[in-house]
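Structure file run_23.txt with compact mmCIF, C-alpha atoms:
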```txt
# COMPACT_ATOMS: atom_id res chain seq x y z
CA MET A 1 16.39 -32.01 -16.81
CA ASN A 2 15.68 -29.56 -13.97
CA GLU A 3 17.80 -26.88 -15.65
CA ALA A 4 16.02 -27.41 -18.97
CA LEU A 5 12.62 -27.09 -17.26
CA ARG A 6 13.74 -23.95 -15.40
CA LEU A 7 14.94 -22.42 -18.68
CA ALA A 8 11.71 -23.34 -20.48
CA GLN A 9 9.72 -21.82 -17.60
CA SER A 10 11.79 -18.59 -17.63
CA ARG A 11 11.08 -18.23 -21.35
CA GLY A 12 7.37 -18.70 -20.81
CA ALA A 13 7.13 -21.97 -22.72
CA VAL A 14 5.93 -24.09 -19.80
CA VAL A 15 4.37 -23.69 -16.36
CA LEU A 16 5.59 -25.88 -13.50
CA ARG A 17 3.01 -26.71 -10.83
CA PRO A 18 4.12 -28.54 -7.69
CA GLY A 19 2.05 -30.87 -5.53
CA PRO A 20 -0.80 -33.25 -6.26
CA GLY A 21 -2.14 -32.60 -9.73
CA GLY A 22 1.03 -30.69 -10.56
CA GLY A 23 3.53 -31.26 -13.31
CA VAL A 24 4.78 -29.59 -16.46
CA PHE A 25 2.14 -27.80 -18.53
CA ALA A 26 2.22 -25.80 -21.74
CA ALA A 27 2.12 -22.08 -20.94
CA GLU A 28 -0.72 -19.84 -22.02
CA PRO A 29 0.12 -17.43 -24.84
CA ALA A 30 1.90 -14.36 -23.51
CA PRO A 31 -0.40 -11.45 -22.63
CA ARG A 32 0.21 -8.16 -24.42
CA VAL A 33 0.33 -4.54 -23.33
CA ARG A 34 -0.01 -1.76 -25.89
CA LEU A 35 2.44 1.15 -25.64
CA GLY A 36 1.74 3.61 -28.38
CA SER A 37 2.36 1.86 -31.68
CA THR A 38 4.26 -1.01 -30.06
CA VAL A 39 2.99 -4.08 -28.32
CA LEU A 40 4.87 -5.79 -25.52
CA SER A 41 4.27 -9.49 -25.19
CA LEU A 42 4.52 -10.24 -21.49
CA ASP A 43 4.80 -13.29 -19.34
CA GLY A 44 2.05 -14.25 -16.90
CA GLU A 45 2.57 -11.31 -14.52
CA HIS A 46 1.11 -8.71 -16.91
CA ALA A 47 -1.03 -7.01 -14.24
CA ASP A 48 2.15 -6.20 -12.32
CA VAL A 49 3.71 -4.73 -15.45
CA GLY A 50 0.75 -2.48 -16.16
CA GLU A 51 0.91 -1.17 -12.61
CA ALA A 52 4.69 -0.72 -12.86
CA ILE A 53 4.29 1.35 -16.05
CA ARG A 54 1.63 3.51 -14.38
CA ILE A 55 3.81 4.17 -11.32
CA ARG A 56 6.92 4.72 -13.44
CA ASN A 57 5.09 7.38 -15.44
CA ALA A 58 4.00 9.08 -12.22
CA LEU A 59 7.61 9.21 -11.00
CA ASP A 60 9.05 10.53 -14.29
CA PRO A 61 8.38 14.23 -13.52
CA LEU A 62 10.17 13.96 -10.15
CA LEU A 63 13.22 12.39 -11.73
CA VAL A 64 13.31 14.90 -14.57
CA GLU A 65 13.16 17.72 -12.03
CA ASP A 66 16.06 16.16 -10.10
CA ALA A 67 18.05 15.65 -13.29
CA LEU A 68 17.55 19.31 -14.21
CA TRP A 69 19.52 20.39 -11.17
CA HIS A 70 21.83 17.47 -10.53
CA ALA A 71 22.85 15.94 -13.89
CA SER A 72 26.51 16.52 -14.61
CA PRO A 73 27.97 16.97 -18.10
CA ALA A 74 29.09 13.31 -17.89
CA ASP A 75 25.52 12.27 -17.02
CA ILE A 76 24.19 14.20 -20.04
CA ALA A 77 26.83 12.61 -22.29
CA GLU A 78 25.73 9.13 -21.18
CA MET A 79 22.08 10.05 -21.74
CA ARG A 80 22.96 11.11 -25.29
CA GLU A 81 24.64 7.71 -25.85
CA HIS A 82 21.37 6.01 -24.94
CA VAL A 83 19.46 8.27 -27.35
CA ASP A 84 21.98 7.28 -30.04
CA ALA A 85 21.29 3.61 -29.27
CA MET A 86 17.57 4.35 -29.66
CA ARG A 87 18.28 5.88 -33.08
CA THR A 88 20.27 2.83 -34.16
CA ALA A 89 17.49 0.48 -33.04
CA THR A 90 14.96 2.64 -34.90
CA ALA A 91 17.00 2.48 -38.11
CA ASP A 92 17.16 -1.30 -37.71
CA GLY A 93 13.43 -1.56 -36.99
CA ASP A 94 14.29 -3.38 -33.76
CA GLY A 95 11.52 -2.55 -31.29
CA LYS A 96 12.99 -4.56 -28.43
CA ALA A 97 16.45 -2.96 -28.77
CA PHE A 98 14.71 0.42 -28.89
CA LEU A 99 12.88 -0.26 -25.64
CA LEU A 100 16.01 -1.56 -23.93
CA ALA A 101 17.89 1.61 -24.92
CA ASN A 102 14.89 3.69 -23.87
CA TRP A 103 14.76 2.03 -20.46
CA ALA A 104 18.54 2.46 -20.10
CA LEU A 105 18.06 6.18 -20.78
CA HIS A 106 15.33 6.41 -18.16
CA ALA A 107 17.55 4.56 -15.68
CA ARG A 108 20.38 7.00 -16.41
CA ILE A 109 18.06 9.96 -15.80
CA ALA A 110 17.04 8.33 -12.51
CA ASP A 111 20.70 7.90 -11.56
CA ALA A 112 21.13 11.69 -11.65
CA SER A 113 18.69 12.04 -8.74
CA PRO A 114 20.24 12.64 -5.32
CA HIS A 115 17.36 10.72 -3.70
CA PRO A 116 18.28 7.05 -3.17
CA VAL A 117 14.73 5.88 -2.36
CA LEU A 118 13.33 7.44 -5.54
CA ARG A 119 16.19 6.05 -7.66
CA THR A 120 15.83 2.58 -6.21
CA MET A 121 12.05 2.47 -6.63
CA TYR A 122 12.24 3.71 -10.21
CA ARG A 123 14.97 1.29 -11.24
CA ALA A 124 13.06 -1.58 -9.65
CA LEU A 125 10.02 -0.65 -11.74
CA LEU A 126 12.14 -0.60 -14.90
CA ASP A 127 13.62 -3.98 -13.97
CA LEU A 128 10.14 -5.43 -13.42
CA ILE A 129 8.90 -4.15 -16.79
CA GLU A 130 11.98 -5.45 -18.60
CA ALA A 131 11.95 -8.83 -16.84
CA HIS A 132 8.38 -9.54 -17.91
CA THR A 133 8.75 -8.37 -21.52
CA VAL A 134 8.98 -11.35 -23.83
CA SER A 135 8.89 -9.58 -27.19
CA VAL A 136 8.05 -6.29 -28.91
CA THR A 137 6.12 -5.99 -32.17
CA GLY A 138 4.57 -3.25 -34.23
CA GLN A 139 0.87 -2.60 -33.67
CA THR A 140 0.55 -0.94 -37.06
CA GLU A 141 0.36 -2.31 -40.57
CA SER A 142 3.98 -1.86 -41.67
CA ASP A 143 7.56 -1.78 -40.45
CA GLU A 144 7.77 1.81 -41.71
CA ASP A 145 4.88 2.82 -39.45
CA LEU A 146 6.74 1.30 -36.49
CA ARG A 147 9.95 3.10 -37.51
CA ALA A 148 8.08 6.42 -37.77
CA TYR A 149 6.68 5.91 -34.29
CA LEU A 150 10.12 5.00 -32.91
CA ARG A 151 11.68 8.05 -34.63
CA ALA A 152 9.11 10.34 -33.03
CA ARG A 153 9.75 8.79 -29.60
CA THR A 154 13.51 9.07 -30.09
CA ASP A 155 13.18 12.73 -31.06
CA LEU A 156 11.09 13.38 -27.96
CA HIS A 157 13.73 11.75 -25.75
CA ASP A 158 16.51 13.65 -27.53
CA ASP A 159 14.65 16.93 -26.90
CA LEU A 160 14.25 15.95 -23.24
CA VAL A 161 17.98 15.30 -22.83
CA GLU A 162 18.73 18.65 -24.48
CA ALA A 163 16.28 20.40 -22.13
CA LEU A 164 18.09 18.77 -19.19
CA SER A 165 21.43 19.87 -20.62
CA ASP A 166 20.16 23.44 -21.02
CA ARG A 167 18.56 23.37 -17.53
CA ASP A 168 15.31 24.40 -19.20
CA GLY A 169 12.74 23.37 -16.60
CA ASP A 170 9.67 24.55 -18.47
CA ARG A 171 10.62 22.69 -21.64
CA ALA A 172 11.58 19.54 -19.70
CA ALA A 173 8.24 19.59 -17.85
CA GLN A 174 6.34 19.96 -21.14
CA LEU A 175 8.29 17.12 -22.74
CA ILE A 176 7.84 14.66 -19.87
CA ALA A 177 4.12 15.46 -19.77
CA ARG A 178 3.93 14.79 -23.52
CA HIS A 179 6.05 11.65 -23.05
CA ASN A 180 3.58 10.22 -20.57
CA THR A 181 0.39 11.20 -22.45
CA ASP A 182 1.26 10.76 -26.14
CA ALA A 183 2.23 7.13 -26.29
CA HIS A 184 2.59 5.67 -22.82
CA GLU A 185 6.18 4.66 -23.38
```
Take the structure from the file and write it as structure tokens.
Amino acid sequence: MNEALRLAQSRGAVVLRPGPGGGVFAAEPAPRVRLGSTVLSLDGEHADVGEAIRIRNALDPLLVEDALWHASPADIAEMREHVDAMRTATADGDGKAFLLANWALHARIADASPHPVLRTMYRALLDLIEAHTVSVTGQTESDEDLRAYLRARTDLHDDLVEALSDRDGDRAAQLIARHNTDAHE
């Protein structure tokens, strides 16, 4: 029974409250955070997630700058694999798979940094965001609108990886600025 309750709690179906007046209670509907044309349904710690996204976006330019000078050809190849996974998820209309591939790409960019504190902080933020994401849906009227949004985001990430590969600092800086202002993903 305890394992079933723990599983139900981890999926956001119930809330367990200890002590007098405690017990098992139905969970509130998951809060939502809008990222461009997608909506993340989050568990109860949504304020933490919003803050994590804000801080992650602030750290992106530092990590892109590090990746410009420290990413190896093998690093770039792995980044391209994550972009390919984003394309596959887009073709399938799978917003959650897209975000997981997107976050894996961002983690891989972070891994190219020679700064362990920066890498660790960034990856912890990604883990926090992912851990509190319950589902991803389209904010727009149709699946095709969502796919168009995901295609545009995939193209932006593909361009960023190519700028890193070419060691084009100006282009990479422009792309990460656009990344963090266009759609907040």
| query | Skipping near chain neighbours, those fewer than 5 positions away, what residues fall within 12 Å of Glu65 (chain A) using all atoms listed in the file, listed as an NGL selection string? | reply | :A and (59-60 or 70-71 or 109-110 or 112-115 or 160 or 163-164 or 167-176)
| task | Using all atoms listed in the file, determine which residues lie at most 7 Å from Leu16 (chain A), disregarding the query and same-chain residues fewer than 5 positions distant; provide the list as a list in words. | result |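 Within the cut-off, the hits are Gly23, Val24 and Phe25 of chain A.
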| query | With distances taken over only C-alpha atoms, which of A:Ala77, A:Arg147, A:Ser72, A:His132 is nearest to Ala91 (chain A)? | reply |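 Using only C-alpha atoms, Ala91 (chain A) sits closest to A:Arg147.
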| Expressed in Å to a single decimal, how great is the separation between CA of Asp127 (chain A) and CA of Gly50 (chain A)? |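 Between these atoms lies a distance of 13.1 Å.
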Can you sort out region 56-85 of chain A so it carries N, CA and C atoms, written as a PDB file, in the frame of the given file?
```pdb
ATOM      1  N   ARG A  56       5.724   4.141 -12.811  1.00  0.00           N
ATOM      2  CA  ARG A  56       6.920   4.720 -13.440  1.00  0.00           C
ATOM      3  C   ARG A  56       6.594   6.059 -14.075  1.00  0.00           C
ATOM      4  N   ASN A  57       5.487   6.122 -14.801  1.00  0.00           N
ATOM      5  CA  ASN A  57       5.090   7.380 -15.440  1.00  0.00           C
ATOM      6  C   ASN A  57       4.817   8.470 -14.416  1.00  0.00           C
ATOM      7  N   ALA A  58       4.274   8.089 -13.272  1.00  0.00           N
ATOM      8  CA  ALA A  58       4.000   9.080 -12.220  1.00  0.00           C
ATOM      9  C   ALA A  58       5.295   9.611 -11.606  1.00  0.00           C
ATOM     10  N   LEU A  59       6.333   8.785 -11.582  1.00  0.00           N
ATOM     11  CA  LEU A  59       7.610   9.210 -11.000  1.00  0.00           C
ATOM     12  C   LEU A  59       8.493   9.992 -11.978  1.00  0.00           C
ATOM     13  N   ASP A  60       8.230   9.852 -13.279  1.00  0.00           N
ATOM     14  CA  ASP A  60       9.050  10.530 -14.290  1.00  0.00           C
ATOM     15  C   ASP A  60       9.243  12.030 -14.018  1.00  0.00           C
ATOM     16  N   PRO A  61       8.183  12.797 -13.737  1.00  0.00           N
ATOM     17  CA  PRO A  61       8.380  14.230 -13.520  1.00  0.00           C
ATOM     18  C   PRO A  61       9.320  14.543 -12.341  1.00  0.00           C
ATOM     19  N   LEU A  62       9.267  13.750 -11.283  1.00  0.00           N
ATOM     20  CA  LEU A  62      10.170  13.960 -10.150  1.00  0.00           C
ATOM     21  C   LEU A  62      11.620  13.746 -10.551  1.00  0.00           C
ATOM     22  N   LEU A  63      11.859  12.697 -11.317  1.00  0.00           N
ATOM     23  CA  LEU A  63      13.220  12.390 -11.730  1.00  0.00           C
ATOM     24  C   LEU A  63      13.752  13.403 -12.734  1.00  0.00           C
ATOM     25  N   VAL A  64      12.887  13.874 -13.616  1.00  0.00           N
ATOM     26  CA  VAL A  64      13.310  14.900 -14.570  1.00  0.00           C
ATOM     27  C   VAL A  64      13.656  16.186 -13.828  1.00  0.00           C
ATOM     28  N   GLU A  65      12.852  16.524 -12.837  1.00  0.00           N
ATOM     29  CA  GLU A  65      13.160  17.720 -12.030  1.00  0.00           C
ATOM     30  C   GLU A  65      14.504  17.570 -11.323  1.00  0.00           C
ATOM     31  N   ASP A  66      14.759  16.395 -10.744  1.00  0.00           N
ATOM     32  CA  ASP A  66      16.060  16.160 -10.100  1.00  0.00           C
ATOM     33  C   ASP A  66      17.198  16.247 -11.111  1.00  0.00           C
ATOM     34  N   ALA A  67      17.001  15.639 -12.273  1.00  0.00           N
ATOM     35  CA  ALA A  67      18.050  15.650 -13.290  1.00  0.00           C
ATOM     36  C   ALA A  67      18.349  17.065 -13.780  1.00  0.00           C
ATOM     37  N   LEU A  68      17.330  17.911 -13.803  1.00  0.00           N
ATOM     38  CA  LEU A  68      17.550  19.310 -14.210  1.00  0.00           C
ATOM     39  C   LEU A  68      18.631  19.973 -13.371  1.00  0.00           C
ATOM     40  N   TRP A  69      18.630  19.678 -12.090  1.00  0.00           N
ATOM     41  CA  TRP A  69      19.520  20.390 -11.170  1.00  0.00           C
ATOM     42  C   TRP A  69      20.739  19.579 -10.771  1.00  0.00           C
ATOM     43  N   HIS A  70      20.745  18.290 -11.037  1.00  0.00           N
ATOM     44  CA  HIS A  70      21.830  17.470 -10.530  1.00  0.00           C
ATOM     45  C   HIS A  70      22.618  16.714 -11.602  1.00  0.00           C
ATOM     46  N   ALA A  71      22.135  16.672 -12.834  1.00  0.00           N
ATOM     47  CA  ALA A  71      22.850  15.940 -13.890  1.00  0.00           C
ATOM     48  C   ALA A  71      24.127  16.680 -14.254  1.00  0.00           C
ATOM     49  N   SER A  72      25.217  15.953 -14.234  1.00  0.00           N
ATOM     50  CA  SER A  72      26.510  16.520 -14.610  1.00  0.00           C
ATOM     51  C   SER A  72      26.682  16.437 -16.122  1.00  0.00           C
ATOM     52  N   PRO A  73      27.690  17.122 -16.659  1.00  0.00           N
ATOM     53  CA  PRO A  73      27.970  16.970 -18.100  1.00  0.00           C
ATOM     54  C   PRO A  73      28.230  15.506 -18.480  1.00  0.00           C
ATOM     55  N   ALA A  74      28.866  14.736 -17.599  1.00  0.00           N
ATOM     56  CA  ALA A  74      29.090  13.310 -17.890  1.00  0.00           C
ATOM     57  C   ALA A  74      27.767  12.550 -17.921  1.00  0.00           C
ATOM     58  N   ASP A  75      26.846  12.895 -17.012  1.00  0.00           N
ATOM     59  CA  ASP A  75      25.520  12.270 -17.020  1.00  0.00           C
ATOM     60  C   ASP A  75      24.813  12.545 -18.349  1.00  0.00           C
ATOM     61  N   ILE A  76      24.847  13.805 -18.777  1.00  0.00           N
ATOM     62  CA  ILE A  76      24.190  14.200 -20.040  1.00  0.00           C
ATOM     63  C   ILE A  76      24.822  13.453 -21.210  1.00  0.00           C
ATOM     64  N   ALA A  77      26.143  13.329 -21.209  1.00  0.00           N
ATOM     65  CA  ALA A  77      26.830  12.610 -22.290  1.00  0.00           C
ATOM     66  C   ALA A  77      26.361  11.150 -22.355  1.00  0.00           C
ATOM     67  N   GLU A  78      26.208  10.514 -21.194  1.00  0.00           N
ATOM     68  CA  GLU A  78      25.730   9.130 -21.180  1.00  0.00           C
ATOM     69  C   GLU A  78      24.277   9.043 -21.650  1.00  0.00           C
ATOM     70  N   MET A  79      23.470  10.021 -21.269  1.00  0.00           N
ATOM     71  CA  MET A  79      22.080  10.050 -21.740  1.00  0.00           C
ATOM     72  C   MET A  79      22.044  10.141 -23.266  1.00  0.00           C
ATOM     73  N   ARG A  80      22.914  10.968 -23.819  1.00  0.00           N
ATOM     74  CA  ARG A  80      22.960  11.110 -25.290  1.00  0.00           C
ATOM     75  C   ARG A  80      23.367   9.792 -25.947  1.00  0.00           C
ATOM     76  N   GLU A  81      24.254   9.023 -25.302  1.00  0.00           N
ATOM     77  CA  GLU A  81      24.640   7.710 -25.850  1.00  0.00           C
ATOM     78  C   GLU A  81      23.421   6.783 -25.932  1.00  0.00           C
ATOM     79  N   HIS A  82      22.574   6.845 -24.923  1.00  0.00           N
ATOM     80  CA  HIS A  82      21.370   6.010 -24.940  1.00  0.00           C
ATOM     81  C   HIS A  82      20.403   6.458 -26.038  1.00  0.00           C
ATOM     82  N   VAL A  83      20.296   7.763 -26.252  1.00  0.00           N
ATOM     83  CA  VAL A  83      19.460   8.270 -27.350  1.00  0.00           C
ATOM     84  C   VAL A  83      20.029   7.783 -28.679  1.00  0.00           C
ATOM     85  N   ASP A  84      21.356   7.796 -28.817  1.00  0.00           N
ATOM     86  CA  ASP A  84      21.980   7.280 -30.040  1.00  0.00           C
ATOM     87  C   ASP A  84      21.654   5.808 -30.254  1.00  0.00           C
ATOM     88  N   ALA A  85      21.652   5.030 -29.168  1.00  0.00           N
ATOM     89  CA  ALA A  85      21.290   3.610 -29.270  1.00  0.00           C
ATOM     90  C   ALA A  85      19.826   3.460 -29.700  1.00  0.00           C
TER      91      ALA A  85
END
```
